[in-house]
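Visitor: First the structure, which I've put down as structure tokens, then a few questions once you've had a look.
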Amino acid sequence: MSHLEFGSGVPGCATDGVWLTCIECGETFDPFAAVRYTCDDCGGLLEVRYADLPTWGDFGGRGVWRYADALPFEVGVTLPEGDTPLHEVPRLEEGVGVDRLRIKHEGMNPTGSFKDRGMTVGVRVAERVGVDRLACASTGNTSAALAAYGARAGLETLVLLPQGKVAAGKVAQASLHGAHILEVDGNFDTCLDIVQDLAARGEAYLLNSLNPFRLEGQKTIGLEILEQFRREEGAYPDRVVLPVGNAGNTAALYKCFRELVDDVETRATAIRIGNPVNAPKALPGIRETDGTAVAVSDDAITRAQRDLAEEGVGVEPASAASVAGLRKLREEGVVDTDERVVCLTTGHLLKDPDAAVEAGAEPDPVPGSTGGVLDHLA
Ligand SMILES: *Cc1c(COP(=O)(O)O)cnc(C)c1O
Ligand SMILES: [Zn+2]
């Protein structure tokens with residue numbers, strides 16, 4: 001990008017070469033002068049834009065902030081996050097039947113999900129705009145991440161969870177990190193409506209994936225995948241497969257590919273698990289990379305969770321949707337045998353211990369003696 005094009009009536013609104021653009025009408029806004037999550041004019045989703053972006057490959061340092069030149073700050077509120085492993089899974093690779101399969105395990109972030117990458121940027125923005133209360137609606141991992149990063153920044157954190165629908169590990173995290181947890185009598189959408197109302201009234205700073213700054217942190221997943229895969233395999237992957245909730249992560253990966261790596265042809269394939277708020281940002285990504293989206297069954301997800309566990313990679317159920325989806329697309333012939341594929345696993349096994357126990361083997365009761373144990377093993 002060589003020059004800034006501002007919308008009418010917002011002269012010189014860039015702060016340090018960073019601004020927000022409405023993806024529907026193109027109106028631009030100063031990113032830090034006022035708190036806003038959507039376009040004042042048309043209500044469209046906002047996206048972070050930069051006057052200058054670094055050259056691909058021109059990065060130093062570690063984790064998310066290795067890519068600071070492609071982010072709105074030099075450094076964020078950090079624990080630190082990113083630098084997650086890109087596992088080889090030879091048995092699964094053979095079982096699924098692709099040329100190369102790698103697992104980018106985002107469960108290895110500080111609070112056990114990729115949400116940390118977004119929060120390190122999002123909570124930094126909250127500091128910058130000077131709010132004192134952070135809030136999110138969550139099915140679990142967003143609240144765990146927000147609670148930890150809010151605590152790190154010394155800010156008050158409010159999380160709205162749908163009653164009885166959040167896995168034990170995630171509630172435990174939000175609780176111990178000191179979030180004010182509200183169990184709402186309703187589903188996730190009810191929680192999101194309420195938290196958006198609170199944000200609109202200035203009661204709290206909204207850190208759901210509607211917040212465009214979170215996606216900036218999350219786009220570093222794509223950068224890490226490309227750098228790691230290229231270093232270890234000597235080429236870029238042909239396809240990235242990931243689970244979708246609100247499609248924030250899908251949008252973030254697409255933004256990464258679009259901004260920094262024009263020469264990379266990688267397809268984005270999304271496994272839909274919900275009703276995505278960020279669909280207007282994510283769908284063009286799936287289309288323009290010649291990707292696809294499929295739905296997978298709970299049984300297929302459990303099978304994939306076991307397959308990953310057999311390779312020593314422990315993931316929560318939603319995470320395994322990527323592998324379940326890849327298997328399905330292979331069987332349908334959408335993915336070819338000669339493809340190099342990266343599946344994203346988004347959260348750690350311990351997030352949902354109940355699901356893990358259900359998918360795993362039952363312990364055998366034995367007597368408290370060596371003889372009894374030997375008898376049992378025989
Ligand atoms: C948040 C989350 C998702 C969905 O991500 P979106 O950006 O909402 O599409 C998938 N898996 C896990 C484990 C998550 O925490
Ligand atoms: Zn607009």
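Every chain in the structure tokens has a letter given in the order shown (A, B, ...), and although residue numbers restart at 1 in each chain, ligands are simply numbered from 1 in the order shown.
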At a cut-off of 8 Å and counting only C-alpha atoms and all ligand atoms, what residues surround ligand 2? Please answer as number ranges by chain.

Guide: A: 21-27, 38-46

Visitor: Store the residues picked out above in a file with N, CA, C and O atoms, as a JSON list (two decimals), in the first residue's frame.

Guide:
[["chain", "number", "residue", "atom", "x", "y", "z"],
["A", 21, "THR", "N", -11.02, 0.16, 8.75],
["A", 21, "THR", "CA", -11.84, 0.33, 7.55],
["A", 21, "THR", "C", -13.07, -0.57, 7.64],
["A", 21, "THR", "O", -12.95, -1.74, 8.03],
["A", 22, "CYS", "N", -14.23, -0.02, 7.27],
["A", 22, "CYS", "CA", -15.45, -0.83, 7.21],
["A", 22, "CYS", "C", -15.38, -1.73, 5.98],
["A", 22, "CYS", "O", -15.15, -1.24, 4.87],
["A", 23, "ILE", "N", -15.58, -3.03, 6.15],
["A", 23, "ILE", "CA", -15.45, -3.94, 5.01],
["A", 23, "ILE", "C", -16.66, -3.85, 4.07],
["A", 23, "ILE", "O", -16.61, -4.34, 2.95],
["A", 24, "GLU", "N", -17.74, -3.19, 4.52],
["A", 24, "GLU", "CA", -18.94, -3.06, 3.67],
["A", 24, "GLU", "C", -18.91, -1.77, 2.85],
["A", 24, "GLU", "O", -19.11, -1.80, 1.64],
["A", 25, "CYS", "N", -18.67, -0.62, 3.52],
["A", 25, "CYS", "CA", -18.80, 0.67, 2.80],
["A", 25, "CYS", "C", -17.46, 1.39, 2.62],
["A", 25, "CYS", "O", -17.40, 2.41, 1.94],
["A", 26, "GLY", "N", -16.39, 0.89, 3.24],
["A", 26, "GLY", "CA", -15.07, 1.48, 3.03],
["A", 26, "GLY", "C", -14.76, 2.69, 3.90],
["A", 26, "GLY", "O", -13.67, 3.26, 3.81],
["A", 27, "GLU", "N", -15.70, 3.13, 4.74],
["A", 27, "GLU", "CA", -15.45, 4.27, 5.64],
["A", 27, "GLU", "C", -14.27, 3.93, 6.55],
["A", 27, "GLU", "O", -14.09, 2.77, 6.93],
["A", 38, "THR", "N", -18.02, -1.66, 15.26],
["A", 38, "THR", "CA", -18.60, -1.78, 13.92],
["A", 38, "THR", "C", -18.68, -0.38, 13.30],
["A", 38, "THR", "O", -18.45, 0.61, 13.98],
["A", 39, "CYS", "N", -19.00, -0.32, 12.01],
["A", 39, "CYS", "CA", -19.05, 0.94, 11.27],
["A", 39, "CYS", "C", -20.16, 1.86, 11.79],
["A", 39, "CYS", "O", -21.30, 1.44, 11.93],
["A", 40, "ASP", "N", -19.82, 3.14, 12.06],
["A", 40, "ASP", "CA", -20.81, 4.13, 12.50],
["A", 40, "ASP", "C", -21.89, 4.33, 11.45],
["A", 40, "ASP", "O", -23.04, 4.62, 11.77],
["A", 41, "ASP", "N", -21.50, 4.22, 10.17],
["A", 41, "ASP", "CA", -22.41, 4.55, 9.08],
["A", 41, "ASP", "C", -23.34, 3.40, 8.72],
["A", 41, "ASP", "O", -24.53, 3.59, 8.54],
["A", 42, "CYS", "N", -22.78, 2.19, 8.58],
["A", 42, "CYS", "CA", -23.60, 1.10, 8.04],
["A", 42, "CYS", "C", -23.64, -0.13, 8.94],
["A", 42, "CYS", "O", -24.33, -1.10, 8.63],
["A", 43, "GLY", "N", -22.90, -0.11, 10.04],
["A", 43, "GLY", "CA", -22.93, -1.25, 10.95],
["A", 43, "GLY", "C", -22.07, -2.43, 10.51],
["A", 43, "GLY", "O", -22.07, -3.48, 11.14],
["A", 44, "GLY", "N", -21.32, -2.25, 9.41],
["A", 44, "GLY", "CA", -20.47, -3.34, 8.89],
["A", 44, "GLY", "C", -19.31, -3.67, 9.82],
["A", 44, "GLY", "O", -18.98, -2.90, 10.73],
["A", 45, "LEU", "N", -18.68, -4.82, 9.58],
["A", 45, "LEU", "CA", -17.50, -5.22, 10.36],
["A", 45, "LEU", "C", -16.32, -4.33, 10.01],
["A", 45, "LEU", "O", -16.17, -3.90, 8.87],
["A", 46, "LEU", "N", -15.47, -4.06, 10.99],
["A", 46, "LEU", "CA", -14.28, -3.25, 10.77],
["A", 46, "LEU", "C", -13.05, -4.13, 10.67],
["A", 46, "LEU", "O", -12.99, -5.20, 11.27]]

Visitor: Which of stretch 220-261 of chain A counts as helix (DSSP H, G or I) under DSSP, as a PDB file with C-alpha atoms, in the first residue's frame please?

Guide:
ATOM      1  CA  THR A 220       0.138 -14.747  13.264  1.00  0.00           C
ATOM      2  CA  ILE A 221      -0.981 -18.409  13.247  1.00  0.00           C
ATOM      3  CA  GLY A 222      -0.845 -18.234   9.457  1.00  0.00           C
ATOM      4  CA  LEU A 223       2.580 -16.595   9.477  1.00  0.00           C
ATOM      5  CA  GLU A 224       3.971 -19.230  11.823  1.00  0.00           C
ATOM      6  CA  ILE A 225       2.501 -22.063   9.747  1.00  0.00           C
ATOM      7  CA  LEU A 226       4.067 -20.754   6.556  1.00  0.00           C
ATOM      8  CA  GLU A 227       7.455 -20.076   8.144  1.00  0.00           C
ATOM      9  CA  GLN A 228       7.637 -23.406   9.998  1.00  0.00           C
ATOM     10  CA  PHE A 229       6.317 -25.527   7.152  1.00  0.00           C
ATOM     11  CA  ARG A 230       8.661 -23.944   4.647  1.00  0.00           C
ATOM     12  CA  ARG A 231      11.656 -24.366   6.975  1.00  0.00           C
ATOM     13  CA  GLU A 232      10.910 -28.021   7.694  1.00  0.00           C
ATOM     14  CA  GLU A 233       9.347 -29.203   4.422  1.00  0.00           C
ATOM     15  CA  GLY A 248     -12.840 -15.072  13.420  1.00  0.00           C
ATOM     16  CA  ASN A 249      -9.872 -17.358  13.019  1.00  0.00           C
ATOM     17  CA  THR A 250     -10.756 -18.202   9.414  1.00  0.00           C
ATOM     18  CA  ALA A 251     -10.965 -14.468   8.686  1.00  0.00           C
ATOM     19  CA  ALA A 252      -7.642 -13.909  10.467  1.00  0.00           C
ATOM     20  CA  LEU A 253      -5.826 -16.571   8.426  1.00  0.00           C
ATOM     21  CA  TYR A 254      -7.206 -15.174   5.196  1.00  0.00           C
ATOM     22  CA  LYS A 255      -6.080 -11.674   6.203  1.00  0.00           C
ATOM     23  CA  CYS A 256      -2.594 -13.005   6.864  1.00  0.00           C
ATOM     24  CA  PHE A 257      -2.344 -14.667   3.442  1.00  0.00           C
ATOM     25  CA  ARG A 258      -3.753 -11.603   1.695  1.00  0.00           C
ATOM     26  CA  GLU A 259      -1.554  -9.030   3.427  1.00  0.00           C
ATOM     27  CA  LEU A 260       1.846 -10.626   3.454  1.00  0.00           C
TER      28      LEU A 260
END

Visitor: Which residues are near ligand 1 in this structure, taking near to mean any atom at most 7 Å from a ligand atom and counting only C-alpha atoms and all ligand atoms? Format them as JSON, numbers by chain.

Guide: {"A": [113, 114, 115, 140, 141, 142, 209, 243, 244, 245, 246, 247, 248, 249, 250, 276, 316, 318, 319, 346, 347]}

Visitor: Quick one: distance from atom CA of A:Leu326 to atom CA of A:Asn109 in Å, one decimal?

Guide: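 Separation of atom CA of A:Leu326 and atom CA of A:Asn109: 23.3 Å.
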
Visitor: Would you pick out the contacts of A:Arg239 at 9 Å or less, using only C-alpha atoms, so that residues sharing its chain but fewer than 6 positions from it are not included, and give the list as JSON, numbers by chain?

Guide: {"A": [265, 266, 267, 268, 269, 291, 335, 339, 340, 341, 342, 343]}

Visitor: Could you turn the residues from that selection into a file that holds C-alpha atoms, as a tab-separated table (two decimals), in the first residue's frame?

Guide:
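Wrote result-v5.tsv, looks like this:
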chain	number	residue	atom	x	y	z
A	265	GLU	CA	-1.34	-20.46	-2.85
A	266	THR	CA	-2.89	-22.14	0.14
A	267	ARG	CA	-6.51	-23.15	0.44
A	268	ALA	CA	-8.49	-22.43	3.59
A	269	THR	CA	-10.90	-25.14	4.56
A	291	GLY	CA	-11.24	-23.57	-0.31
A	335	VAL	CA	-8.56	-33.18	-1.05
A	339	GLU	CA	-1.57	-32.46	-1.02
A	340	ARG	CA	0.50	-31.00	1.80
A	341	VAL	CA	-1.95	-30.20	4.58
A	342	VAL	CA	-1.84	-28.42	7.93
A	343	CYS	CA	-4.69	-29.09	10.36

Visitor: Would you kindly return, as a ChimeraX atom specification, each protein, DNA or RNA residue with an atom no farther than 9 Å from any atom of A:Asp354, considering only C-alpha atoms and excluding same-chain residues fewer than 4 positions away?

Guide: /A:167-168,350,358-359

Visitor: Export, as a short mmCIF file (atom, residue, chain, number, x, y, z; two decimals), in the first residue's frame, the selected residues with all heavy atoms.

Guide:
data_model
loop_
_atom_site.label_atom_id
_atom_site.label_comp_id
_atom_site.auth_asym_id
_atom_site.auth_seq_id
_atom_site.Cartn_x
_atom_site.Cartn_y
_atom_site.Cartn_z
N ALA A 167 -17.32 -26.16 29.27
CA ALA A 167 -16.49 -27.24 29.81
C ALA A 167 -15.76 -26.82 31.08
O ALA A 167 -15.38 -25.65 31.23
CB ALA A 167 -15.48 -27.68 28.74
N ALA A 168 -15.56 -27.80 31.97
CA ALA A 168 -15.06 -27.53 33.32
C ALA A 168 -13.72 -26.80 33.35
O ALA A 168 -13.53 -25.87 34.13
CB ALA A 168 -14.94 -28.86 34.07
N LEU A 350 -7.03 -30.78 28.07
CA LEU A 350 -7.46 -30.56 29.45
C LEU A 350 -8.56 -29.50 29.59
O LEU A 350 -9.13 -29.33 30.66
CB LEU A 350 -6.27 -30.17 30.33
CG LEU A 350 -5.27 -31.30 30.59
CD1 LEU A 350 -4.05 -30.76 31.32
CD2 LEU A 350 -5.92 -32.40 31.42
N GLU A 358 -14.67 -39.50 28.38
CA GLU A 358 -15.66 -40.23 27.59
C GLU A 358 -15.04 -40.86 26.33
O GLU A 358 -15.39 -41.98 25.96
CB GLU A 358 -16.77 -39.26 27.17
CG GLU A 358 -18.14 -39.88 27.26
CD GLU A 358 -19.20 -38.79 27.18
OE1 GLU A 358 -19.42 -38.10 28.20
OE2 GLU A 358 -19.76 -38.63 26.09
N ALA A 359 -14.13 -40.13 25.70
CA ALA A 359 -13.51 -40.65 24.47
C ALA A 359 -12.41 -41.66 24.77
O ALA A 359 -12.05 -42.46 23.92
CB ALA A 359 -12.93 -39.49 23.65
#

Visitor: Could you work out how far atom CA of A:Ser322 lies from atom CA of A:Asp336, giving the answer in Å with one decimal?

Guide: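 Rounded to one decimal, the two atoms are 16.1 Å apart.
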
Visitor: What is the atom CA of A:Gly325 to atom CA of A:Val89 distance in Å?

Guide: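 Atom-to-atom, atom CA of A:Gly325 to atom CA of A:Val89, that is 16.2 Å.
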
Visitor: Restricting the calculation to only C-alpha atoms, which member of A:Ala33, A:Leu192, A:Val18, A:Ala321 is positioned closest to A:Arg49?

Guide: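 Using only C-alpha atoms, the shortest distance to A:Arg49 belongs to A:Val18.
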
Visitor: Got a sec: who's within 10 Å of A:Asn211, counting only C-alpha atoms, leaving out chain neighbours fewer than 4 positions off, as a PyMOL selection string?

Guide: chain A and resi 36-38+45-48+118+122+205-207+215-216+248

Visitor: Next, dump the selected residues to file, keeping only N, CA and C atoms, as a short mmCIF file (atom, residue, chain, number, x, y, z; two decimals), in the first residue's frame.

Guide:
data_model
loop_
_atom_site.label_atom_id
_atom_site.label_comp_id
_atom_site.auth_asym_id
_atom_site.auth_seq_id
_atom_site.Cartn_x
_atom_site.Cartn_y
_atom_site.Cartn_z
N ARG A 36 -14.99 1.76 19.14
CA ARG A 36 -16.06 1.30 18.25
C ARG A 36 -15.71 -0.10 17.75
N TYR A 37 -16.75 -0.88 17.50
CA TYR A 37 -16.53 -2.27 17.08
C TYR A 37 -17.05 -2.51 15.67
N THR A 38 -18.02 -1.66 15.26
CA THR A 38 -18.60 -1.78 13.92
C THR A 38 -18.68 -0.38 13.30
N LEU A 45 -18.68 -4.82 9.58
CA LEU A 45 -17.50 -5.22 10.36
C LEU A 45 -16.32 -4.33 10.01
N LEU A 46 -15.47 -4.06 10.99
CA LEU A 46 -14.28 -3.25 10.77
C LEU A 46 -13.05 -4.13 10.67
N GLU A 47 -12.08 -3.63 9.91
CA GLU A 47 -10.83 -4.37 9.73
C GLU A 47 -9.66 -3.41 9.96
N VAL A 48 -8.58 -3.90 10.57
CA VAL A 48 -7.40 -3.08 10.81
C VAL A 48 -6.58 -3.01 9.52
N GLY A 118 -5.08 -13.50 20.16
CA GLY A 118 -5.93 -12.32 19.96
C GLY A 118 -5.92 -11.42 21.18
N GLY A 122 -5.65 -7.46 21.79
CA GLY A 122 -6.92 -6.84 22.19
C GLY A 122 -6.85 -6.14 23.54
N TYR A 205 -15.36 -2.87 27.68
CA TYR A 205 -14.70 -2.99 26.37
C TYR A 205 -14.88 -4.42 25.87
N LEU A 206 -15.44 -4.54 24.67
CA LEU A 206 -15.84 -5.84 24.12
C LEU A 206 -14.65 -6.58 23.50
N LEU A 207 -14.43 -7.81 23.96
CA LEU A 207 -13.32 -8.59 23.41
C LEU A 207 -13.74 -9.90 22.76
N LEU A 215 -8.28 -10.28 15.79
CA LEU A 215 -7.93 -11.02 14.58
C LEU A 215 -6.51 -10.70 14.12
N GLU A 216 -6.01 -9.51 14.48
CA GLU A 216 -4.63 -9.17 14.11
C GLU A 216 -3.66 -10.12 14.79
N GLY A 248 -13.87 -16.09 13.21
CA GLY A 248 -12.84 -15.07 13.42
C GLY A 248 -11.48 -15.58 12.98
#

Visitor: Mind checking DSSP for stretch 81-316 of chain A and telling me the strand (DSSP E or B) residues as a ChimeraX atom specification?

Guide: /A:86-88,100-105,113,133-137,156-162,180-184,205-206,239-244,267-272,292-294,315

Visitor: Might you pull out every residue within 10 Å of A:Asp132, with only C-alpha atoms counted and same-chain residues fewer than 6 positions away left off, and present them as a PyMOL selection string?

Guide: chain A and resi 126+150+154-157+203-205

Visitor: Could you take the residues named above and write them with N, CA, C and O atoms, as a PDB file, in the first residue's frame?

Guide:
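Output file result_28.pdb is given in full below:
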ATOM      1  N   ALA A 126      -7.206  -2.140  24.763  1.00  0.00           N
ATOM      2  CA  ALA A 126      -8.016  -1.689  25.901  1.00  0.00           C
ATOM      3  C   ALA A 126      -7.204  -0.739  26.790  1.00  0.00           C
ATOM      4  O   ALA A 126      -7.703   0.295  27.233  1.00  0.00           O
ATOM      5  N   GLY A 150      -6.539 -10.155  31.143  1.00  0.00           N
ATOM      6  CA  GLY A 150      -7.075  -9.050  31.947  1.00  0.00           C
ATOM      7  C   GLY A 150      -6.348  -8.972  33.281  1.00  0.00           C
ATOM      8  O   GLY A 150      -5.956  -7.892  33.741  1.00  0.00           O
ATOM      9  N   GLY A 154      -3.998  -6.086  34.922  1.00  0.00           N
ATOM     10  CA  GLY A 154      -4.572  -5.454  36.112  1.00  0.00           C
ATOM     11  C   GLY A 154      -5.912  -4.792  35.850  1.00  0.00           C
ATOM     12  O   GLY A 154      -6.265  -3.797  36.484  1.00  0.00           O
ATOM     13  N   LEU A 155      -6.686  -5.339  34.905  1.00  0.00           N
ATOM     14  CA  LEU A 155      -7.995  -4.768  34.563  1.00  0.00           C
ATOM     15  C   LEU A 155      -9.132  -5.684  35.035  1.00  0.00           C
ATOM     16  O   LEU A 155      -8.957  -6.901  35.114  1.00  0.00           O
ATOM     17  N   GLU A 156     -10.266  -5.085  35.324  1.00  0.00           N
ATOM     18  CA  GLU A 156     -11.450  -5.856  35.723  1.00  0.00           C
ATOM     19  C   GLU A 156     -12.002  -6.610  34.515  1.00  0.00           C
ATOM     20  O   GLU A 156     -12.056  -6.067  33.413  1.00  0.00           O
ATOM     21  N   THR A 157     -12.395  -7.848  34.722  1.00  0.00           N
ATOM     22  CA  THR A 157     -12.862  -8.686  33.616  1.00  0.00           C
ATOM     23  C   THR A 157     -14.224  -9.294  33.920  1.00  0.00           C
ATOM     24  O   THR A 157     -14.432  -9.859  34.987  1.00  0.00           O
ATOM     25  N   GLU A 203     -20.261   0.359  29.172  1.00  0.00           N
ATOM     26  CA  GLU A 203     -20.059  -0.330  30.458  1.00  0.00           C
ATOM     27  C   GLU A 203     -18.817  -1.214  30.453  1.00  0.00           C
ATOM     28  O   GLU A 203     -18.323  -1.584  31.512  1.00  0.00           O
ATOM     29  N   ALA A 204     -18.367  -1.612  29.255  1.00  0.00           N
ATOM     30  CA  ALA A 204     -17.215  -2.515  29.185  1.00  0.00           C
ATOM     31  C   ALA A 204     -16.627  -2.483  27.783  1.00  0.00           C
ATOM     32  O   ALA A 204     -17.305  -2.107  26.817  1.00  0.00           O
ATOM     33  N   TYR A 205     -15.361  -2.869  27.680  1.00  0.00           N
ATOM     34  CA  TYR A 205     -14.699  -2.989  26.373  1.00  0.00           C
ATOM     35  C   TYR A 205     -14.881  -4.421  25.873  1.00  0.00           C
ATOM     36  O   TYR A 205     -14.528  -5.386  26.565  1.00  0.00           O
TER      37      TYR A 205
END

Visitor: Which polymer residues have any atom within 12 Å of an atom of A:Thr55, counting only C-alpha atoms, with same-chain residues fewer than 3 positions away left out, as a PDB file with N, CA, C and O atoms, in the first residue's frame?

Guide:
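Contents of the output file out_7.pdb:
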ATOM      1  N   MET A   1       0.848  -1.197   0.000  1.00  0.00           N
ATOM      2  CA  MET A   1       0.000   0.000   0.000  1.00  0.00           C
ATOM      3  C   MET A   1       0.879   1.241   0.000  1.00  0.00           C
ATOM      4  O   MET A   1       1.780   1.355   0.817  1.00  0.00           O
ATOM      5  N   ASP A  52       2.019   0.765   6.092  1.00  0.00           N
ATOM      6  CA  ASP A  52       3.162  -0.024   5.632  1.00  0.00           C
ATOM      7  C   ASP A  52       3.122  -1.392   6.268  1.00  0.00           C
ATOM      8  O   ASP A  52       2.932  -1.503   7.473  1.00  0.00           O
ATOM      9  N   ASP A  58      10.732 -10.994   6.795  1.00  0.00           N
ATOM     10  CA  ASP A  58      11.563  -9.986   7.431  1.00  0.00           C
ATOM     11  C   ASP A  58      11.199  -9.850   8.917  1.00  0.00           C
ATOM     12  O   ASP A  58      10.879  -8.773   9.393  1.00  0.00           O
ATOM     13  N   PHE A  59      11.257 -10.958   9.656  1.00  0.00           N
ATOM     14  CA  PHE A  59      10.797 -10.923  11.041  1.00  0.00           C
ATOM     15  C   PHE A  59      11.900 -11.358  11.997  1.00  0.00           C
ATOM     16  O   PHE A  59      12.772 -12.146  11.638  1.00  0.00           O
ATOM     17  N   TYR A  67       6.083 -10.838  14.924  1.00  0.00           N
ATOM     18  CA  TYR A  67       5.453 -10.212  13.752  1.00  0.00           C
ATOM     19  C   TYR A  67       4.949  -8.797  14.057  1.00  0.00           C
ATOM     20  O   TYR A  67       4.021  -8.310  13.413  1.00  0.00           O
ATOM     21  N   ASP A  69       5.832  -5.938  13.315  1.00  0.00           N
ATOM     22  CA  ASP A  69       5.760  -5.001  12.186  1.00  0.00           C
ATOM     23  C   ASP A  69       4.453  -5.128  11.411  1.00  0.00           C
ATOM     24  O   ASP A  69       4.089  -4.220  10.670  1.00  0.00           O
ATOM     25  N   ALA A  70       3.771  -6.258  11.584  1.00  0.00           N
ATOM     26  CA  ALA A  70       2.483  -6.443  10.914  1.00  0.00           C
ATOM     27  C   ALA A  70       1.327  -6.289  11.897  1.00  0.00           C
ATOM     28  O   ALA A  70       0.201  -6.674  11.615  1.00  0.00           O
ATOM     29  N   GLU A 259      -2.417 -10.183   3.146  1.00  0.00           N
ATOM     30  CA  GLU A 259      -1.554  -9.030   3.427  1.00  0.00           C
ATOM     31  C   GLU A 259      -0.089  -9.274   3.097  1.00  0.00           C
ATOM     32  O   GLU A 259       0.598  -8.399   2.601  1.00  0.00           O
ATOM     33  N   LEU A 260       0.402 -10.454   3.437  1.00  0.00           N
ATOM     34  CA  LEU A 260       1.846 -10.626   3.454  1.00  0.00           C
ATOM     35  C   LEU A 260       2.389 -11.661   2.490  1.00  0.00           C
ATOM     36  O   LEU A 260       3.584 -11.715   2.252  1.00  0.00           O
ATOM     37  N   VAL A 261       1.557 -12.491   1.974  1.00  0.00           N
ATOM     38  CA  VAL A 261       2.107 -13.627   1.223  1.00  0.00           C
ATOM     39  C   VAL A 261       1.340 -13.877  -0.066  1.00  0.00           C
ATOM     40  O   VAL A 261       0.811 -14.944  -0.304  1.00  0.00           O
ATOM     41  N   ASP A 262       1.378 -12.888  -0.931  1.00  0.00           N
ATOM     42  CA  ASP A 262       0.694 -12.957  -2.219  1.00  0.00           C
ATOM     43  C   ASP A 262       1.085 -14.178  -3.032  1.00  0.00           C
ATOM     44  O   ASP A 262       0.289 -14.723  -3.774  1.00  0.00           O
TER      45      ASP A 262
END

Visitor: Pick out the closest residue to A:Trp19 from this set: A:Pro365, A:Thr120, A:Lys170, A:Pro212. Count only C-alpha atoms.

Guide: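 When distances to A:Trp19 are compared using only C-alpha atoms, the smallest one comes from A:Pro212.
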
Visitor: Taking only C-alpha atoms into account, which of A:Ala282, A:Ile103, A:Leu377, A:Val296 comes nearest A:Val313?

Guide: A:Ile103

Visitor: Return the single residue from A:Gly312, A:Gly164, A:Gly368, A:Gly57 that is closest to A:Arg91, with distances computed using only C-alpha atoms.

Guide: A:Gly312
